>>> print(open('query37.cif').read())   # mmCIF, C-alpha atoms
data_start
#
loop_
_atom_site.group_PDB
_atom_site.id
_atom_site.type_symbol
_atom_site.label_atom_id
_atom_site.label_comp_id
_atom_site.auth_asym_id
_atom_site.auth_seq_id
_atom_site.Cartn_x
_atom_site.Cartn_y
_atom_site.Cartn_z
ATOM 1 C CA ARG A 278 67.554 171.909 152.074
ATOM 2 C CA GLY A 279 64.543 169.709 151.451
ATOM 3 C CA LYS A 280 65.014 166.073 152.371
ATOM 4 C CA LEU A 281 61.441 164.918 152.916
ATOM 5 C CA LEU A 282 57.854 165.489 151.926
ATOM 6 C CA THR A 283 54.925 165.659 154.313
ATOM 7 C CA TRP A 284 51.470 165.830 152.698
ATOM 8 C CA ASN A 285 48.769 167.492 154.788
ATOM 9 C CA ALA A 286 45.567 166.051 153.360
ATOM 10 C CA GLY A 287 43.365 168.876 154.635
ATOM 11 C CA HIS A 288 39.548 168.851 154.334
ATOM 12 C CA CYS A 289 39.095 167.176 150.985
ATOM 13 C CA CYS A 290 36.990 164.064 150.956
ATOM 14 C CA GLY A 291 33.387 165.234 150.694
ATOM 15 C CA TYR A 292 33.849 167.018 147.364
ATOM 16 C CA ALA A 293 35.961 164.178 145.980
ATOM 17 C CA MET A 294 33.378 161.515 146.855
ATOM 18 C CA LYS A 295 30.530 163.437 145.274
ATOM 19 C CA ASN A 296 32.419 164.379 142.117
ATOM 20 C CA LYS A 297 34.516 161.212 141.719
ATOM 21 C CA VAL A 298 37.773 163.163 141.820
ATOM 22 C CA ASP A 299 40.891 160.985 141.743
ATOM 23 C CA ASP A 300 42.622 162.546 144.754
ATOM 24 C CA VAL A 301 44.965 159.581 145.165
ATOM 25 C CA GLY A 302 46.065 159.770 141.535
ATOM 26 C CA PHE A 303 46.638 163.520 141.861
ATOM 27 C CA ILE A 304 48.682 163.144 145.047
ATOM 28 C CA GLY A 305 50.710 160.284 143.569
ATOM 29 C CA ALA A 306 51.513 162.428 140.507
ATOM 30 C CA LEU A 307 52.382 165.380 142.764
ATOM 31 C CA ILE A 308 54.790 163.215 144.764
ATOM 32 C CA ASP A 309 56.448 162.084 141.521
ATOM 33 C CA LYS A 310 56.851 165.678 140.364
ATOM 34 C CA LEU A 311 58.242 166.943 143.669
ATOM 35 C CA VAL A 312 60.699 164.059 143.995
ATOM 36 C CA LYS A 313 61.880 164.651 140.413
ATOM 37 C CA GLU A 314 62.214 168.428 140.578
ATOM 38 C CA TYR A 315 63.225 169.075 144.196
ATOM 39 C CA PRO A 316 65.717 167.512 146.656
ATOM 40 C CA VAL A 317 63.061 165.300 148.287
ATOM 41 C CA ASP A 318 64.170 161.925 149.618
ATOM 42 C CA PRO A 319 61.561 159.378 148.402
ATOM 43 C CA ARG A 320 62.213 157.311 151.531
ATOM 44 C CA HIS A 321 60.799 160.118 153.683
ATOM 45 C CA ILE A 322 57.276 160.816 152.437
ATOM 46 C CA TYR A 323 54.459 161.138 154.984
ATOM 47 C CA ALA A 324 50.772 162.095 155.128
ATOM 48 C CA THR A 325 48.820 163.767 157.891
ATOM 49 C CA GLY A 326 45.494 165.565 158.083
ATOM 50 C CA MET A 327 42.611 166.422 160.368
ATOM 51 C CA SER A 328 39.008 165.200 160.119
ATOM 52 C CA ASN A 329 38.264 164.558 156.413
ATOM 53 C CA GLY A 330 41.970 165.062 155.873
ATOM 54 C CA GLY A 331 42.602 162.315 158.415
ATOM 55 C CA LEU A 332 40.281 160.009 156.488
ATOM 56 C CA MET A 333 42.272 160.862 153.378
ATOM 57 C CA SER A 334 45.508 160.067 155.197
ATOM 58 C CA HIS A 335 44.181 156.555 155.840
ATOM 59 C CA ARG A 336 43.276 156.166 152.182
ATOM 60 C CA LEU A 337 46.682 157.384 151.038
ATOM 61 C CA GLY A 338 48.331 154.942 153.418
ATOM 62 C CA VAL A 339 46.386 152.085 151.830
ATOM 63 C CA GLU A 340 46.612 153.089 148.179
ATOM 64 C CA LEU A 341 50.102 154.630 148.212
ATOM 65 C CA SER A 342 51.641 152.167 150.648
ATOM 66 C CA ASN A 343 54.571 151.733 148.283
ATOM 67 C CA ARG A 344 55.363 155.456 148.614
ATOM 68 C CA LEU A 345 54.530 156.499 152.181
ATOM 69 C CA ALA A 346 56.723 155.723 155.168
ATOM 70 C CA ALA A 347 54.102 156.751 157.754
ATOM 71 C CA ILE A 348 50.726 158.443 158.221
ATOM 72 C CA ALA A 349 49.226 160.412 161.102
ATOM 73 C CA PRO A 350 45.437 160.899 160.907
ATOM 74 C CA VAL A 351 44.049 163.349 163.511
ATOM 75 C CA VAL A 352 40.407 163.098 164.671
ATOM 76 C CA ALA A 353 39.616 160.528 161.973
ATOM 77 C CA SER A 354 38.409 156.941 161.783
ATOM 78 C CA VAL A 355 37.883 154.011 159.397
ATOM 79 C CA PHE A 356 34.714 152.436 157.987
ATOM 80 C CA GLY A 357 35.569 148.746 158.179
ATOM 81 C CA ASP A 358 35.685 148.102 154.425
ATOM 82 C CA GLU A 359 39.265 149.235 153.832
ATOM 83 C CA SER A 360 41.526 146.923 151.830
ATOM 84 C CA MET A 361 44.792 145.740 153.309
ATOM 85 C CA PRO A 362 47.692 147.746 151.853
ATOM 86 C CA PRO A 363 50.285 145.790 149.848
ATOM 87 C CA LYS A 364 53.159 147.342 151.870
ATOM 88 C CA THR A 365 53.504 148.155 155.550
ATOM 89 C CA VAL A 366 52.990 151.781 156.630
ATOM 90 C CA SER A 367 53.600 152.992 160.174
ATOM 91 C CA ALA A 368 50.623 154.836 161.641
ATOM 92 C CA LEU A 369 50.056 157.291 164.486
ATOM 93 C CA MET A 370 46.478 158.274 165.302
ATOM 94 C CA ILE A 371 45.222 161.050 167.605
ATOM 95 C CA ASN A 372 41.547 161.307 168.630
ATOM 96 C CA GLY A 373 39.528 163.106 171.270
ATOM 97 C CA LEU A 374 37.104 161.299 173.551
ATOM 98 C CA LEU A 375 34.821 164.392 173.541
ATOM 99 C CA ASP A 376 34.658 164.591 169.735
ATOM 100 C CA LYS A 377 31.064 164.732 168.441
ATOM 101 C CA HIS A 378 32.063 164.914 164.755
ATOM 102 C CA ILE A 379 34.075 161.666 164.898
ATOM 103 C CA PRO A 380 32.511 159.894 167.906
ATOM 104 C CA ALA A 381 34.856 157.614 169.827
ATOM 105 C CA GLU A 382 32.191 154.885 169.814
ATOM 106 C CA GLY A 383 31.734 155.127 166.046
ATOM 107 C CA GLY A 384 28.500 155.510 164.092
ATOM 108 C CA TYR A 385 27.464 158.661 162.285
ATOM 109 C CA SER A 386 29.070 162.083 162.386
ATOM 110 C CA GLY A 387 27.412 164.586 164.671
ATOM 111 C CA GLY A 388 29.125 167.492 162.948
ATOM 112 C CA LYS A 389 27.831 170.452 160.947
ATOM 113 C CA PHE A 390 28.490 168.843 157.559
ATOM 114 C CA PRO A 391 26.628 165.509 157.442
ATOM 115 C CA ASP A 392 26.902 165.464 153.636
ATOM 116 C CA ALA A 393 30.705 165.384 153.814
ATOM 117 C CA TRP A 394 30.550 161.621 153.247
ATOM 118 C CA ASP A 395 28.167 159.065 151.822
ATOM 119 C CA GLY A 396 26.350 158.016 155.007
ATOM 120 C CA THR A 397 28.424 154.928 155.772
ATOM 121 C CA PRO A 398 28.750 154.612 159.569
ATOM 122 C CA MET A 399 32.236 154.790 161.033
ATOM 123 C CA GLU A 400 33.868 152.123 163.135
ATOM 124 C CA PRO A 401 34.861 153.010 166.715
ATOM 125 C CA VAL A 402 38.023 155.097 166.536
ATOM 126 C CA LYS A 403 40.095 152.291 168.115
ATOM 127 C CA ALA A 404 39.428 150.248 164.970
ATOM 128 C CA GLN A 405 41.833 152.403 162.967
ATOM 129 C CA ALA A 406 44.748 151.343 165.163
ATOM 130 C CA ALA A 407 43.662 147.703 164.967
ATOM 131 C CA PHE A 408 43.468 147.990 161.169
ATOM 132 C CA TRP A 409 47.039 149.242 160.837
ATOM 133 C CA ALA A 410 48.260 146.702 163.372
ATOM 134 C CA ARG A 411 46.892 143.949 161.106
ATOM 135 C CA ALA A 412 48.356 145.609 158.029
ATOM 136 C CA ASP A 413 51.785 145.854 159.681
ATOM 137 C CA HIS A 414 51.705 142.298 161.107
ATOM 138 C CA CYS A 415 51.815 143.506 164.712
ATOM 139 C CA ALA A 416 50.882 141.517 167.800
ATOM 140 C CA VAL A 417 47.144 141.425 168.540
ATOM 141 C CA ASP A 418 47.320 142.663 172.139
ATOM 142 C CA PRO A 419 48.724 146.195 172.448
ATOM 143 C CA GLU A 420 50.325 147.905 175.416
ATOM 144 C CA ARG A 421 48.182 150.658 176.955
ATOM 145 C CA VAL A 422 49.323 153.537 179.140
ATOM 146 C CA ASN A 423 46.446 155.322 180.889
ATOM 147 C CA ASN A 424 47.304 158.628 182.511
ATOM 148 C CA ALA A 425 45.330 161.686 183.530
ATOM 149 C CA ALA A 426 45.452 163.323 180.091
ATOM 150 C CA TYR A 427 45.202 160.487 177.556
ATOM 151 C CA VAL A 428 45.323 156.786 176.850
ATOM 152 C CA LEU A 429 48.298 155.795 174.697
ATOM 153 C CA THR A 430 48.021 152.476 172.846
ATOM 154 C CA ARG A 431 51.165 150.947 171.349
ATOM 155 C CA TYR A 432 51.243 147.748 169.307
ATOM 156 C CA ARG A 433 54.239 145.432 169.292
ATOM 157 C CA CYS A 434 55.247 145.401 165.628
ATOM 158 C CA PRO A 435 58.064 143.949 163.536
ATOM 159 C CA ALA A 436 61.214 146.054 163.248
ATOM 160 C CA GLY A 437 60.680 149.107 161.054
ATOM 161 C CA SER A 438 56.927 149.432 161.722
ATOM 162 C CA ASP A 439 55.045 151.165 164.523
ATOM 163 C CA VAL A 440 51.357 151.654 165.299
ATOM 164 C CA GLU A 441 50.376 154.075 168.075
ATOM 165 C CA MET A 442 47.178 155.826 169.106
ATOM 166 C CA TYR A 443 46.465 158.692 171.510
ATOM 167 C CA LEU A 444 42.934 159.023 172.904
ATOM 168 C CA ILE A 445 42.862 162.422 174.603
ATOM 169 C CA LYS A 446 40.358 162.676 177.421
ATOM 170 C CA ASP A 447 39.565 166.409 177.273
ATOM 171 C CA SER A 448 39.761 166.834 173.485
ATOM 172 C CA GLY A 449 36.989 167.376 170.955
ATOM 173 C CA HIS A 450 37.188 167.930 167.209
ATOM 174 C CA ALA A 451 40.371 169.979 167.123
ATOM 175 C CA TRP A 452 44.121 169.760 166.547
ATOM 176 C CA PRO A 453 45.643 169.239 170.022
ATOM 177 C CA GLY A 454 48.117 171.943 170.925
ATOM 178 C CA GLY A 455 47.011 174.051 167.967
ATOM 179 C CA GLN A 456 44.568 176.892 167.464
ATOM 180 C CA ARG A 457 40.780 176.886 167.289
ATOM 181 C CA GLY A 458 39.753 176.445 163.648
ATOM 182 C CA ASN A 459 37.034 179.074 163.901
ATOM 183 C CA ARG A 460 35.061 180.942 166.536
ATOM 184 C CA MET A 461 32.523 178.114 166.853
ATOM 185 C CA GLY A 462 35.067 175.306 166.696
ATOM 186 C CA ASP A 463 36.120 173.102 169.598
ATOM 187 C CA LYS A 464 38.869 174.454 171.821
ATOM 188 C CA PRO A 465 42.067 172.457 171.251
ATOM 189 C CA SER A 466 43.317 170.346 174.117
ATOM 190 C CA THR A 467 46.670 171.223 175.670
ATOM 191 C CA ALA A 468 47.307 167.634 176.782
ATOM 192 C CA LEU A 469 49.890 167.283 174.018
ATOM 193 C CA LYS A 470 51.155 169.144 170.967
ATOM 194 C CA ALA A 471 50.029 167.023 168.037
ATOM 195 C CA THR A 472 52.419 168.652 165.571
ATOM 196 C CA GLU A 473 55.466 167.831 167.710
ATOM 197 C CA VAL A 474 54.268 164.290 168.461
ATOM 198 C CA ILE A 475 53.604 163.620 164.774
ATOM 199 C CA TRP A 476 56.931 165.023 163.620
ATOM 200 C CA THR A 477 58.835 162.955 166.195
ATOM 201 C CA PHE A 478 56.996 159.866 164.899
ATOM 202 C CA PHE A 479 57.544 160.696 161.234
ATOM 203 C CA LYS A 480 61.248 161.397 161.387
ATOM 204 C CA SER A 481 61.906 158.020 163.001
ATOM 205 C CA HIS A 482 60.448 156.132 160.019
ATOM 206 C CA THR A 483 61.965 155.535 156.598
ATOM 207 C CA LYS A 484 60.457 153.651 153.678
#
>>> encode(input="query37.cif", output="structure tokens")
Amino acid sequence: RGKLLTWNAGHCCGYAMKNKVDDVGFIGALIDKLVKEYPVDPRHIYATGMSNGGLMSHRLGVELSNRLAAIAPVVASVFGDESMPPKTVSALMINGLLDKHIPAEGGYSGGKFPDAWDGTPMEPVKAQAAFWARADHCAVDPERVNNAAYVLTRYRCPAGSDVEMYLIKDSGHAWPGGQRGNRMGDKPSTALKATEVIWTFFKSHTK
């Protein structure tokens, strides 16, 4: 029995930017339809995605902050010009320190599809956690746990909000714990299973 809705943003943003497609409007209308026609609890709506889909997850968190309880961008970043969302949205981010498509230090994508966005340089990947910490009124100085596999950053946030980020040391541009996207794609790290980590995070948050 359906109680929640998780939107996987997929690889969407390059086409939308070039053709001025209203992805946010479409997704908002889709949420309305699914909540109306299926047993979906509107308090449990989440967005996740990888790469361009992760960028879209950030955008949905900002522009649909009144609808989404949490987001989980994977191997994504922010550009520094994002508006503060009107409502708080919990955020979990997962990035790889070996990622050449979304470099940890920021700048331009080193991937195979440089025309997937408009040429705006990305912020360092840590900036996405700092952005959501500001949006959720969290403390400035986070707690960091550095182990052999990853660095976990957790912000101290008001009750009901959480901001966390995993920086995986042996991971490139791939879904950790998943399968290689194609024969030439980066091998996924086994340091953690992103799907399980994300689901554990999602189900603990309600709008």
>>> atom_distance(input="query37.cif", atom1="CA of Thr397 in chain A", atom2="CA of Glu359 in chain A")
12.4 Å
>>> atom_distance(input="query37.cif", atom1="CA of Ile308 in chain A", atom2="CA of Ala368 in chain A")
19.3 Å
>>> atom_distance(input="query37.cif", atom1="CA of Gly330 in chain A", atom2="CA of Cys415 in chain A")
25.3 Å
>>> closest_residue(input="query37.cif", among="A:Asn329, A:Glu340, A:Asp299, A:Val428", to="Ser386 in chain A", atoms="only C-alpha atoms")
A:Asn329
>>> residues_around(input="query37.cif", residues="Val402 in chain A", least_positions_apart="5", cutoff="9 Å", atoms="all atoms listed in the file", output="JSON, numbers by chain")
{"A": [352, 353, 354, 355, 372, 379, 380, 381, 382, 383, 444]}
>>> resolve_selection(input="query37.cif", expression="the PyMOL selection byres ((chain A and resi 344) around 8)", output="list in words")
Pro319, Arg320, Ile322, Leu341, Ser342, Asn343, Leu345, Ala346 and Lys484 of chain A
>>> resolve_selection(input="query37.cif", expression="the PyMOL selection byres ((chain A and resi 452) around 10)", output="number ranges by chain")
A: 326-328, 351-352, 371-373, 448-451, 453-458, 463-467, 469-472
>>> closest_residue(input="query37.cif", among="A:Ala404, A:Met461, A:Ser367, A:Glu473", to="Ala347 in chain A", atoms="all atoms listed in the file")
A:Ser367
>>> closest_residue(input="query37.cif", among="A:Glu420, A:His482, A:Pro350, A:Ala407", to="Ala436 in chain A", atoms="only C-alpha atoms")
A:His482
>>> closest_residue(input="query37.cif", among="A:Val417, A:Leu374, A:Ala324, A:Ala410", to="Ile445 in chain A", atoms="all atoms listed in the file")
A:Leu374
>>> decode(input="query37.cif", residues="range 319-347 of chain A", atoms="C-alpha atoms", output="CSV table (one decimal), in the first residue's frame")
chain,number,residue,atom,x,y,z
A,319,PRO,CA,1.8,14.2,1.1
A,320,ARG,CA,3.9,14.5,4.2
A,321,HIS,CA,6.3,11.8,2.7
A,322,ILE,CA,7.5,13.1,-0.6
A,323,TYR,CA,11.2,13.0,-1.4
A,324,ALA,CA,13.6,13.6,-4.4
A,325,THR,CA,16.8,11.9,-5.2
A,326,GLY,CA,18.9,11.6,-8.4
A,327,MET,CA,22.4,11.1,-9.7
A,328,SER,CA,24.6,13.7,-11.5
A,329,ASN,CA,22.2,15.9,-13.5
A,330,GLY,CA,19.5,14.3,-11.6
A,331,GLY,CA,21.2,15.3,-8.4
A,332,LEU,CA,21.3,18.9,-9.6
A,333,MET,CA,17.6,18.6,-10.3
A,334,SER,CA,17.1,17.3,-6.8
A,335,HIS,CA,18.6,20.5,-5.4
A,336,ARG,CA,16.4,22.6,-7.6
A,337,LEU,CA,13.3,20.7,-6.6
A,338,GLY,CA,14.3,21.2,-2.9
A,339,VAL,CA,14.4,24.9,-3.4
A,340,GLU,CA,11.4,25.4,-5.6
A,341,LEU,CA,9.1,22.8,-4.1
A,342,SER,CA,10.2,23.2,-0.5
A,343,ASN,CA,6.6,23.4,0.5
A,344,ARG,CA,6.1,19.8,-0.9
A,345,LEU,CA,9.3,17.9,-0.2
A,346,ALA,CA,10.3,16.5,3.2
A,347,ALA,CA,13.9,15.7,2.1
